[in-house]
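J.: Before we start, here is the structure in question, set down as structure tokens.
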Amino acid sequence: MYGVVTRCMTEESKKETWKVTTSRAIAIRMFSVAVAVIGATGTSCAASAEAVSQDEVAIYKSVLASWFDGKPERQLVDYHLGAPPSATAPELQECTKGLRFAGDARATQESLVGVDFEGSAIRLIDGSKWNPNDPGQAIANGKSVGAAVDEGFAHSLISFSQATFSYDGRDALVNFSMVCGSLCGSGSTIHLRKSGTQWKEVNRCREWIS
């Protein structure tokens with residue numbers, strides 16, 4: 001009797017163990033699939049949240065080409081993008097006259113990470129970790145004005161904002177700045193217009209220099 005009960009209990013235990021093991025395997029599999037789906041969704045959302053549109057890339061390339069006067073040079077560019085310019089700002093009225101722009105608010109923070117500027121001249125860096133070769137400090141340390149300015153410009157940092165587009169997508173505003181020291185830099189809000197697949201500068205507003 002004892003052997004029979006033991007055998008029966010053993011068979012029942014086997015069945016219960018099989019049930020538990022099978023249920024656990026199914027649960028683990030379902031959890032793994034869920035994690036994979038969530039991970040894929042999260043990655044997709046992150047990518048779309050940080051993606052820069054083709055028009056924005058074309059705008060940045062156009063501004064850089066203008067800055068270089070068509071001759072690419074080595075240049076540091078901050079991969080962080082600032083907030084888009086507000087088309088309703090009073091100092092931009094000349095740039096936006098007669099144009100209707102979309103809302104100023106932008107839900108995502110975009111980045112230039114992964115953008116190919118088609119050449120080794122442009123180097124994308126984290127602008128928050130950049131330190132200038134300040135011409136003023138170099139001059140104070142005995143360097144000539146010309147040499148100090150050349151070194152400052154060679155290590156200057158260019159920064160962009162996200163673009164603000166008109167409702168019809170034909171016009172855009174973007175903030176541009178170049179900084180090479182505490183009193184060395186310039187910038188403006190640039191109005192560009194689309195012609196075919198190219199973006200061309202129309203005018204500059206809110207210009208500053210230091």
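Letters A, B, ... mark the chains of the structure tokens in the order given; residue numbers begin at 1 per chain; ligand numbers begin at 1, in order shown.
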Do you know which residues are at most 10 Å from stretch 123-128 of chain A counting only C-alpha atoms, after dropping those on the same chain fewer than 5 positions away, and could you put them as a PDB file with N, CA and C atoms, in the first residue's frame?

T.:
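The file below, result38.pdb, is the result:
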ATOM      1  N   ARG A  74      37.755  72.205 -42.082  1.00  0.00           N
ATOM      2  CA  ARG A  74      37.545  71.473 -40.836  1.00  0.00           C
ATOM      3  C   ARG A  74      36.727  72.345 -39.880  1.00  0.00           C
ATOM      4  N   GLN A  75      35.672  71.766 -39.349  1.00  0.00           N
ATOM      5  CA  GLN A  75      34.791  72.553 -38.499  1.00  0.00           C
ATOM      6  C   GLN A  75      34.122  71.673 -37.448  1.00  0.00           C
ATOM      7  N   LEU A  76      34.118  72.152 -36.201  1.00  0.00           N
ATOM      8  CA  LEU A  76      33.395  71.479 -35.126  1.00  0.00           C
ATOM      9  C   LEU A  76      31.949  71.964 -35.136  1.00  0.00           C
ATOM     10  N   VAL A  77      31.018  71.025 -35.042  1.00  0.00           N
ATOM     11  CA  VAL A  77      29.594  71.356 -35.013  1.00  0.00           C
ATOM     12  C   VAL A  77      28.954  70.635 -33.833  1.00  0.00           C
ATOM     13  N   ASP A  78      28.217  71.378 -33.030  1.00  0.00           N
ATOM     14  CA  ASP A  78      27.523  70.811 -31.875  1.00  0.00           C
ATOM     15  C   ASP A  78      26.376  69.928 -32.361  1.00  0.00           C
ATOM     16  N   TYR A  79      26.359  68.666 -31.922  1.00  0.00           N
ATOM     17  CA  TYR A  79      25.267  67.801 -32.382  1.00  0.00           C
ATOM     18  C   TYR A  79      23.961  68.059 -31.636  1.00  0.00           C
ATOM     19  N   HIS A  80      24.014  68.816 -30.556  1.00  0.00           N
ATOM     20  CA  HIS A  80      22.775  69.218 -29.884  1.00  0.00           C
ATOM     21  C   HIS A  80      22.111  70.340 -30.689  1.00  0.00           C
ATOM     22  N   LEU A  81      20.796  70.276 -30.832  1.00  0.00           N
ATOM     23  CA  LEU A  81      20.064  71.326 -31.537  1.00  0.00           C
ATOM     24  C   LEU A  81      19.251  72.136 -30.537  1.00  0.00           C
ATOM     25  N   LEU A 112      21.773  65.998 -34.134  1.00  0.00           N
ATOM     26  CA  LEU A 112      22.448  65.761 -35.410  1.00  0.00           C
ATOM     27  C   LEU A 112      23.227  64.453 -35.412  1.00  0.00           C
ATOM     28  N   VAL A 113      23.161  63.700 -34.318  1.00  0.00           N
ATOM     29  CA  VAL A 113      23.871  62.425 -34.249  1.00  0.00           C
ATOM     30  C   VAL A 113      23.413  61.526 -35.399  1.00  0.00           C
ATOM     31  N   GLY A 114      24.361  60.986 -36.144  1.00  0.00           N
ATOM     32  CA  GLY A 114      24.039  60.099 -37.254  1.00  0.00           C
ATOM     33  C   GLY A 114      23.884  60.795 -38.588  1.00  0.00           C
ATOM     34  N   VAL A 115      23.866  62.127 -38.593  1.00  0.00           N
ATOM     35  CA  VAL A 115      23.743  62.861 -39.857  1.00  0.00           C
ATOM     36  C   VAL A 115      25.077  62.824 -40.602  1.00  0.00           C
ATOM     37  N   ASP A 116      25.024  62.482 -41.870  1.00  0.00           N
ATOM     38  CA  ASP A 116      26.224  62.426 -42.702  1.00  0.00           C
ATOM     39  C   ASP A 116      26.362  63.736 -43.466  1.00  0.00           C
ATOM     40  N   PHE A 117      27.409  64.496 -43.141  1.00  0.00           N
ATOM     41  CA  PHE A 117      27.645  65.757 -43.835  1.00  0.00           C
ATOM     42  C   PHE A 117      28.560  65.570 -45.050  1.00  0.00           C
ATOM     43  N   LEU A 157      33.231  76.632 -32.655  1.00  0.00           N
ATOM     44  CA  LEU A 157      32.102  75.711 -32.601  1.00  0.00           C
ATOM     45  C   LEU A 157      30.876  76.348 -33.246  1.00  0.00           C
ATOM     46  N   ILE A 158      30.285  75.622 -34.186  1.00  0.00           N
ATOM     47  CA  ILE A 158      29.045  76.066 -34.830  1.00  0.00           C
ATOM     48  C   ILE A 158      27.876  75.322 -34.200  1.00  0.00           C
ATOM     49  N   SER A 159      26.816  76.067 -33.922  1.00  0.00           N
ATOM     50  CA  SER A 159      25.610  75.468 -33.339  1.00  0.00           C
ATOM     51  C   SER A 159      24.386  75.868 -34.143  1.00  0.00           C
TER      52      SER A 159
END

J.: Give me, as a ChimeraX atom specification, all polymer residues having an atom no more than 12 Å from A:Asp150, counting only C-alpha atoms and skipping those fewer than 4 positions away in the same chain.

T.: /A:133-136,138-139,143-146,154-156,180-181,184

J.: Those same residues, written as a short mmCIF file (atom, residue, chain, number, x, y, z; two decimals), in the first residue's frame with C-alpha atoms?

T.:
data_model
loop_
_atom_site.label_atom_id
_atom_site.label_comp_id
_atom_site.auth_asym_id
_atom_site.auth_seq_id
_atom_site.Cartn_x
_atom_site.Cartn_y
_atom_site.Cartn_z
CA ASN A 133 41.03 78.47 -27.97
CA ASP A 134 40.13 81.96 -26.80
CA PRO A 135 41.95 84.59 -28.93
CA GLY A 136 41.76 87.12 -26.11
CA ALA A 138 46.13 83.85 -26.40
CA ILE A 139 46.89 87.54 -27.07
CA LYS A 143 50.58 85.61 -29.26
CA SER A 144 50.10 87.94 -32.19
CA VAL A 145 46.55 89.04 -32.97
CA GLY A 146 46.59 87.24 -36.34
CA ALA A 154 40.25 76.81 -36.35
CA HIS A 155 38.75 75.49 -33.10
CA SER A 156 35.44 77.38 -33.25
CA CYS A 180 35.44 80.93 -30.82
CA GLY A 181 35.90 82.61 -27.43
CA CYS A 184 34.74 85.98 -30.41
#

J.: Please measure the separation of atom CA of A:Ser182 and atom CA of A:Ala87, giving the value in Å to one decimal.

T.: 28.4 Å

J.: Excluding A:Leu99 and residues on its chain fewer than 3 positions from it, collect all residues at most 9 Å away from it, counting only C-alpha atoms, and give them as a JSON list (two decimals) with N, CA and C atoms, in the first residue's frame.

T.:
[["chain", "number", "residue", "atom", "x", "y", "z"],
["A", 95, "CYS", "N", 11.67, 89.08, -41.25],
["A", 95, "CYS", "CA", 11.93, 87.78, -41.87],
["A", 95, "CYS", "C", 10.63, 87.02, -42.15],
["A", 96, "THR", "N", 9.63, 87.26, -41.31],
["A", 96, "THR", "CA", 8.40, 86.46, -41.42],
["A", 96, "THR", "C", 7.24, 87.22, -42.06],
["A", 166, "SER", "N", 7.23, 77.06, -42.40],
["A", 166, "SER", "CA", 5.95, 77.69, -42.74],
["A", 166, "SER", "C", 4.93, 76.58, -43.00],
["A", 167, "TYR", "N", 3.65, 76.96, -43.00],
["A", 167, "TYR", "CA", 2.60, 75.97, -43.20],
["A", 167, "TYR", "C", 2.73, 75.24, -44.54],
["A", 171, "ASP", "N", 9.20, 77.74, -46.62],
["A", 171, "ASP", "CA", 10.09, 78.66, -45.91],
["A", 171, "ASP", "C", 10.46, 78.08, -44.55]]

J.: Can you work out the spacing between atom CA of A:Ser161 and atom CA of A:Asn175 in Å, to one decimal?

T.: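 Atom CA of A:Asn175 lies 5.1 Å from atom CA of A:Ser161.
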
J.: What lies within 12 Å of A:Phe165 using only C-alpha atoms, ignoring chain neighbours under 6 positions off, as number ranges by chain?

T.: A: 53, 55-56, 59, 84-87, 96, 99-106, 171-174, 190-194

J.: Mind the document's chain letters and residue numbers, and return as a PyMOL selection string the residues of stretch 40-203 of chain A that DSSP labels strand (DSSP E or B).

T.: chain A and resi 75-82+101+111+122-125+157-161+164-166+171-181+184-195+198-203

J.: For each of A:Glu73, A:Ser188, A:Ala140, A:Glu151, take the minimum atom-to-atom distance to A:Ala121, counting only C-alpha atoms, then give the residue where this is smallest.

T.: A:Glu73

J.: What does the structure give for the distance between atom CA of A:Ala89 and atom CA of A:Val52, in Å to one decimal?

T.: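 Between these atoms lies a distance of 23.9 Å.
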
J.: Running DSSP on the backbone, which parts of stretch 65-160 of chain A land in alpha helix (DSSP H), as a VMD selection string?

T.: chain A and resid 65 to 67 93 to 96 135 to 140 145 to 154

J.: Could you save the residues just selected, with C-alpha atoms, as a CSV table (one decimal), in the first residue's frame?

T.:
chain,number,residue,atom,x,y,z
A,65,ALA,CA,28.2,75.7,-47.5
A,66,SER,CA,27.5,79.4,-47.3
A,67,TRP,CA,29.7,79.7,-44.2
A,93,GLN,CA,8.9,90.4,-38.2
A,94,GLU,CA,11.0,91.4,-41.3
A,95,CYS,CA,11.9,87.8,-41.9
A,96,THR,CA,8.4,86.5,-41.4
A,135,PRO,CA,42.0,84.6,-28.9
A,136,GLY,CA,41.8,87.1,-26.1
A,137,GLN,CA,43.6,84.8,-23.7
A,138,ALA,CA,46.1,83.9,-26.4
A,139,ILE,CA,46.9,87.5,-27.1
A,140,ALA,CA,47.2,88.1,-23.3
A,145,VAL,CA,46.6,89.0,-33.0
A,146,GLY,CA,46.6,87.2,-36.3
A,147,ALA,CA,47.8,83.9,-34.9
A,148,ALA,CA,45.5,84.1,-32.0
A,149,VAL,CA,42.4,84.7,-34.2
A,150,ASP,CA,43.4,82.0,-36.7
A,151,GLU,CA,43.8,79.5,-33.8
A,152,GLY,CA,40.5,80.6,-32.4
A,153,PHE,CA,38.6,80.2,-35.7
A,154,ALA,CA,40.2,76.8,-36.3
